[in-house]
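K.L.:
Have a peek at start_2.cif (mmCIF, C-alpha atoms).
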```
data_start
loop_
_atom_site.group_PDB
_atom_site.id
_atom_site.type_symbol
_atom_site.label_atom_id
_atom_site.label_comp_id
_atom_site.auth_asym_id
_atom_site.auth_seq_id
_atom_site.Cartn_x
_atom_site.Cartn_y
_atom_site.Cartn_z
ATOM 1 C CA MET A 1 -130.636 144.526 156.365
ATOM 2 C CA ASP A 2 -126.890 145.089 156.600
ATOM 3 C CA GLN A 3 -124.265 142.354 156.934
ATOM 4 C CA HIS A 4 -123.444 143.339 160.538
ATOM 5 C CA GLU A 5 -127.082 142.747 161.620
ATOM 6 C CA ILE A 6 -127.203 139.434 159.748
ATOM 7 C CA THR A 7 -123.966 138.236 161.350
ATOM 8 C CA GLU A 8 -125.088 139.290 164.833
ATOM 9 C CA ILE A 9 -128.364 137.362 164.540
ATOM 10 C CA LEU A 10 -126.736 134.271 163.009
ATOM 11 C CA ASN A 11 -124.100 134.191 165.766
ATOM 12 C CA ARG A 12 -126.687 134.047 168.558
ATOM 13 C CA PRO A 13 -126.665 130.702 170.416
ATOM 14 C CA LEU A 14 -130.227 129.853 169.354
ATOM 15 C CA SER A 15 -129.431 130.587 165.701
ATOM 16 C CA GLN A 16 -126.362 128.360 165.940
ATOM 17 C CA GLN A 17 -128.514 125.547 167.393
ATOM 18 C CA LEU A 18 -130.984 125.885 164.537
ATOM 19 C CA LEU A 19 -128.201 126.046 161.937
ATOM 20 C CA ALA A 20 -126.926 122.706 163.312
ATOM 21 C CA ARG A 21 -130.214 120.955 162.476
ATOM 22 C CA ASP A 22 -130.664 118.531 159.564
ATOM 23 C CA LEU A 23 -133.518 119.981 157.528
ATOM 24 C CA THR A 24 -134.647 123.316 156.212
ATOM 25 C CA ARG A 25 -137.630 124.210 154.116
ATOM 26 C CA LEU A 26 -136.576 125.804 150.843
ATOM 27 C CA ALA A 27 -139.102 128.150 149.248
ATOM 28 C CA TYR A 28 -138.746 129.291 145.652
ATOM 29 C CA VAL A 29 -140.859 130.247 142.648
ATOM 30 C CA ALA A 30 -141.446 127.370 140.227
ATOM 31 C CA LYS A 31 -141.147 127.789 136.455
ATOM 32 C CA ASP A 32 -144.962 128.074 136.197
ATOM 33 C CA GLY A 33 -144.894 131.052 138.592
ATOM 34 C CA THR A 34 -146.415 129.240 141.555
ATOM 35 C CA PRO A 35 -144.696 129.004 144.946
ATOM 36 C CA ARG A 36 -142.964 125.821 146.086
ATOM 37 C CA THR A 37 -141.601 124.737 149.429
ATOM 38 C CA VAL A 38 -139.546 121.582 149.802
ATOM 39 C CA PRO A 39 -137.790 120.065 152.792
ATOM 40 C CA ILE A 40 -134.104 119.605 152.072
ATOM 41 C CA GLY A 41 -130.997 118.660 154.026
ATOM 42 C CA PHE A 42 -128.484 121.420 154.602
ATOM 43 C CA THR A 43 -125.276 122.369 156.320
ATOM 44 C CA TRP A 44 -124.046 125.746 157.560
ATOM 45 C CA ASN A 45 -120.400 126.543 156.829
ATOM 46 C CA GLY A 46 -120.260 129.741 158.864
ATOM 47 C CA THR A 47 -121.249 132.098 156.047
ATOM 48 C CA GLU A 48 -123.477 130.079 153.704
ATOM 49 C CA ILE A 49 -126.243 127.521 153.835
ATOM 50 C CA VAL A 50 -125.359 124.659 151.494
ATOM 51 C CA MET A 51 -127.907 122.172 150.177
ATOM 52 C CA CYS A 52 -127.255 119.443 147.622
ATOM 53 C CA THR A 53 -129.578 117.908 145.074
ATOM 54 C CA THR A 54 -129.599 115.694 142.005
ATOM 55 C CA LYS A 55 -128.527 117.202 138.700
ATOM 56 C CA ASN A 56 -132.008 116.515 137.284
ATOM 57 C CA ALA A 57 -134.018 118.011 140.185
ATOM 58 C CA PRO A 58 -137.115 119.939 139.012
ATOM 59 C CA LYS A 59 -136.200 122.888 141.260
ATOM 60 C CA LEU A 60 -132.980 123.650 139.341
ATOM 61 C CA PRO A 61 -134.511 125.262 136.225
ATOM 62 C CA ALA A 62 -136.699 127.379 138.513
ATOM 63 C CA LEU A 63 -133.704 128.464 140.607
ATOM 64 C CA ARG A 64 -131.754 129.324 137.475
ATOM 65 C CA ALA A 65 -134.646 131.502 136.275
ATOM 66 C CA ASN A 66 -135.263 133.136 139.664
ATOM 67 C CA PRO A 67 -132.559 132.510 142.287
ATOM 68 C CA MET A 68 -134.335 134.361 145.115
ATOM 69 C CA VAL A 69 -135.164 131.921 147.926
ATOM 70 C CA ALA A 70 -136.427 131.804 151.486
ATOM 71 C CA LEU A 71 -135.525 129.190 154.085
ATOM 72 C CA THR A 72 -137.202 128.200 157.331
ATOM 73 C CA ILE A 73 -135.345 126.230 159.986
ATOM 74 C CA ASP A 74 -137.493 125.456 163.018
ATOM 75 C CA THR A 75 -138.247 123.160 165.900
ATOM 76 C CA GLU A 76 -141.225 120.881 166.464
ATOM 77 C CA VAL A 77 -141.939 121.899 170.081
ATOM 78 C CA HIS A 78 -143.992 124.666 171.672
ATOM 79 C CA PRO A 79 -143.123 127.432 171.599
ATOM 80 C CA PRO A 80 -141.359 126.929 168.289
ATOM 81 C CA LYS A 81 -137.931 128.370 167.640
ATOM 82 C CA ILE A 82 -137.689 129.675 164.082
ATOM 83 C CA LEU A 83 -134.884 131.008 161.917
ATOM 84 C CA LEU A 84 -136.065 132.695 158.733
ATOM 85 C CA VAL A 85 -133.496 133.352 156.010
ATOM 86 C CA ARG A 86 -133.738 135.038 152.634
ATOM 87 C CA GLY A 87 -131.032 135.022 150.017
ATOM 88 C CA HIS A 88 -129.869 134.338 146.504
ATOM 89 C CA ALA A 89 -129.218 130.728 145.448
ATOM 90 C CA GLU A 90 -126.033 130.056 143.526
ATOM 91 C CA LEU A 91 -125.869 126.707 141.763
ATOM 92 C CA ASP A 92 -122.614 124.800 141.582
ATOM 93 C CA VAL A 93 -122.586 121.569 139.545
ATOM 94 C CA VAL A 94 -119.942 119.215 140.911
ATOM 95 C CA ASP A 95 -118.584 115.814 139.963
ATOM 96 C CA GLY A 96 -119.088 113.108 142.548
ATOM 97 C CA ILE A 97 -120.681 113.596 145.949
ATOM 98 C CA PRO A 98 -120.038 116.933 147.676
ATOM 99 C CA GLU A 99 -118.573 116.646 151.162
ATOM 100 C CA GLU A 100 -121.435 118.817 152.446
ATOM 101 C CA TYR A 101 -123.933 116.179 151.345
ATOM 102 C CA LEU A 102 -122.159 113.565 153.404
ATOM 103 C CA GLN A 103 -121.940 115.960 156.379
ATOM 104 C CA MET A 104 -125.600 116.938 156.305
ATOM 105 C CA ASN A 105 -126.626 113.321 156.470
ATOM 106 C CA GLY A 106 -124.221 112.575 159.310
ATOM 107 C CA SER A 107 -126.659 113.100 162.161
ATOM 108 C CA TYR A 108 -129.177 110.502 161.032
ATOM 109 C CA GLU A 109 -129.046 107.478 163.257
ATOM 110 C CA MET A 110 -127.089 104.852 161.349
ATOM 111 C CA THR A 111 -124.775 102.172 162.525
ATOM 112 C CA ALA A 112 -121.269 102.286 161.107
ATOM 113 C CA GLU A 113 -122.223 99.399 158.808
ATOM 114 C CA GLN A 114 -125.385 101.188 157.620
ATOM 115 C CA ARG A 115 -123.338 104.326 156.970
ATOM 116 C CA VAL A 116 -120.888 102.407 154.765
ATOM 117 C CA GLU A 117 -123.783 100.843 152.825
ATOM 118 C CA TRP A 118 -125.535 104.217 152.466
ATOM 119 C CA GLU A 119 -122.393 105.940 151.157
ATOM 120 C CA ALA A 120 -121.743 103.095 148.700
ATOM 121 C CA GLU A 121 -125.332 103.364 147.412
ATOM 122 C CA ILE A 122 -125.066 107.160 147.043
ATOM 123 C CA ARG A 123 -121.731 106.943 145.227
ATOM 124 C CA SER A 124 -123.102 104.297 142.826
ATOM 125 C CA LEU A 125 -126.250 106.322 142.081
ATOM 126 C CA TYR A 126 -124.901 109.852 141.533
ATOM 127 C CA ASP A 127 -122.138 110.802 139.114
ATOM 128 C CA GLY A 128 -122.440 114.342 140.420
ATOM 129 C CA MET A 129 -124.723 116.710 142.262
ATOM 130 C CA VAL A 130 -125.641 120.364 142.399
ATOM 131 C CA ARG A 131 -124.710 122.432 145.420
ATOM 132 C CA ILE A 132 -127.331 125.092 146.161
ATOM 133 C CA VAL A 133 -125.441 127.773 148.068
ATOM 134 C CA VAL A 134 -127.345 130.567 149.826
ATOM 135 C CA THR A 135 -125.635 133.544 151.414
ATOM 136 C CA PRO A 136 -128.144 135.180 153.777
ATOM 137 C CA THR A 137 -129.251 138.699 152.802
ATOM 138 C CA TRP A 138 -131.989 138.916 155.468
ATOM 139 C CA VAL A 139 -132.600 136.892 158.642
ATOM 140 C CA LYS A 140 -135.047 136.846 161.541
ATOM 141 C CA LEU A 141 -134.850 134.734 164.670
ATOM 142 C CA ILE A 142 -138.158 134.095 166.438
ATOM 143 C CA ASP A 143 -138.179 132.491 169.871
ATOM 144 C CA PHE A 144 -141.561 133.757 171.177
ATOM 145 C CA GLU A 145 -139.792 134.972 174.311
ATOM 146 C CA LYS A 146 -137.488 137.784 173.187
ATOM 147 C CA THR A 147 -138.553 137.957 169.546
ATOM 148 C CA LEU A 148 -141.946 137.578 167.886
ATOM 149 C CA PRO A 149 -143.286 137.615 164.336
ATOM 150 C CA SER A 150 -143.710 141.260 163.265
ATOM 151 C CA ALA A 151 -147.521 140.980 163.116
ATOM 152 C CA VAL A 152 -147.615 139.686 166.711
ATOM 153 C CA GLU A 153 -145.226 142.466 167.802
ATOM 154 C CA GLU A 154 -147.700 144.951 166.329
ATOM 155 C CA LEU A 155 -150.601 143.382 168.259
ATOM 156 C CA VAL A 156 -148.601 143.564 171.513
ATOM 157 C CA LYS A 157 -147.988 147.295 170.928
ATOM 158 C CA GLN A 158 -151.671 147.874 170.143
ATOM 159 C CA ARG A 159 -152.704 146.055 173.327
ATOM 160 C CA ALA A 160 -150.260 148.109 175.393
ATOM 161 C CA ALA A 161 -151.659 151.324 173.877
ATOM 162 C CA ARG A 162 -155.233 150.243 174.687
ATOM 163 C CA GLN A 163 -154.247 149.424 178.270
ATOM 164 C CA GLN A 164 -152.665 152.862 178.728
ATOM 165 C CA ALA A 165 -155.760 154.657 177.432
#
```
When written as structure tokens, how does the structure in this file appear?
P.N.:
Amino acid sequence: MDQHEITEILNRPLSQQLLARDLTRLAYVAKDGTPRTVPIGFTWNGTEIVMCTTKNAPKLPALRANPMVALTIDTEVHPPKILLVRGHAELDVVDGIPEEYLQMNGSYEMTAEQRVEWEAEIRSLYDGMVRIVVTPTWVKLIDFEKTLPSAVEELVKQRAARQQA
């Protein structure tokens, strides 16, 4: 998939709505070779999906060994709206709390007082974090109106062919 196609899909209004959500599901291959999927907070900076984690997170050795990842960002209503993303995870160890981490937790319902307490707790717990930065190399937007999963698209074509026969 070329960069122009990726950009066009990510700039669609529905993609932008999904990229403004709080959680994605990060899929990667664990060190033992088995698949893993974990929910993780994220933010979209216009070109990259940025997630943050602890410096001792079990997923980090796996991502260092095999940085290929897949992400799913979706809704909880019917029909679901789904943004699928594949890419390469780059790991960036940073001192302190990355601004993205504070941004991605900004939509949780907290009073101003709770927010101050939460930030103080985070700053006292972490001396640094790891930014997991994914630049999309493949994307698919599924809305079940204009776009479908490829297997369902194939079934629709087969049905149409049967109906014409």
K.L.:
Which residue out of A:Ala62, A:Val38, A:Val50, A:Leu84 has the minimum interatomic distance to Leu141 in chain A when all atoms listed in the file are used?
P.N.:
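Smallest separation from Leu141 in chain A among the options: A:Leu84.
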K.L.:
Would you list the contacts of Glu5 in chain A as a ChimeraX atom specification, taking every protein, DNA or RNA residue within 12 Å and counting only C-alpha atoms, but skipping same-chain residues closer than 3 positions in sequence?
P.N.:
/A:1-2,8-12,136-141
K.L.:
Once the PyMOL selection byres ((chain A and resi 20) around 10) has been evaluated on this model, what residues remain selected, and can you format them as a list in words?
P.N.:
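Expected selection for the PyMOL selection byres ((chain A and resi 20) around 10) here is Leu14, Ser15, Gln16, Gln17, Leu18, Leu19, Arg21, Asp22, Leu23, Phe42, Thr43, Trp44, Asn45, Ile73, Met104 and Ser107 of chain A.
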K.L.:
Pull out every residue that the PyMOL selection byres ((chain A and resi 39) around 6) matches in the shown coordinates and put them as a ChimeraX atom specification.
P.N.:
/A:24-25,38,40
K.L.:
Can you list what the PyMOL selection byres ((chain A and resi 77-80) around 9) grabs from this structure, as a ChimeraX atom specification?
P.N.:
/A:74-76,81-82,142-145
K.L.:
With C-alpha atoms retained, could you export that selection as a short mmCIF file (atom, residue, chain, number, x, y, z; two decimals), in the coordinates of the input?
P.N.:
```cif
data_model
loop_
_atom_site.label_atom_id
_atom_site.label_comp_id
_atom_site.auth_asym_id
_atom_site.auth_seq_id
_atom_site.Cartn_x
_atom_site.Cartn_y
_atom_site.Cartn_z
CA ASP A 74 -137.49 125.46 163.02
CA THR A 75 -138.25 123.16 165.90
CA GLU A 76 -141.22 120.88 166.46
CA LYS A 81 -137.93 128.37 167.64
CA ILE A 82 -137.69 129.68 164.08
CA ILE A 142 -138.16 134.10 166.44
CA ASP A 143 -138.18 132.49 169.87
CA PHE A 144 -141.56 133.76 171.18
CA GLU A 145 -139.79 134.97 174.31
#
```
K.L.:
Using only C-alpha atoms, which residues sit within 10 Å of Val93 in chain A once same-chain residues fewer than 6 positions away are excluded, as a PyMOL selection string?
P.N.:
chain A and resi 52-55+128-132
K.L.:
Just want the 12 Å neighbourhood of Met68 in chain A, counted on all atoms listed in the file, with same-chain residues fewer than 3 positions away dropped. Output as a list of chain:residue names.
P.N.:
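The residues that qualify are A:Leu26, A:Ala27, A:Tyr28, A:Val29, A:Ala30, A:Pro35, A:Ala62, A:Leu63, A:Arg64, A:Ala65, A:Leu71, A:Val85, A:Arg86, A:Gly87, A:His88, A:Ala89, A:Glu90, A:Leu91, A:Ile132, A:Val133, A:Val134, A:Thr135, A:Pro136, A:Thr137, A:Trp138.
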K.L.:
Leu125 in chain A: which residues within 10 Å, counting all atoms listed in the file, same-chain residues fewer than 6 positions away excluded, as an MDAnalysis selection string?
P.N.:
chainID A and resid 54 96:97 119
K.L.:
To one decimal in Å, tell me the separation between CA of Thr72 in chain A and CA of Leu155 in chain A.
P.N.:
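Value for the CA of Thr72 in chain A-CA of Leu155 in chain A distance: 23.0 Å.
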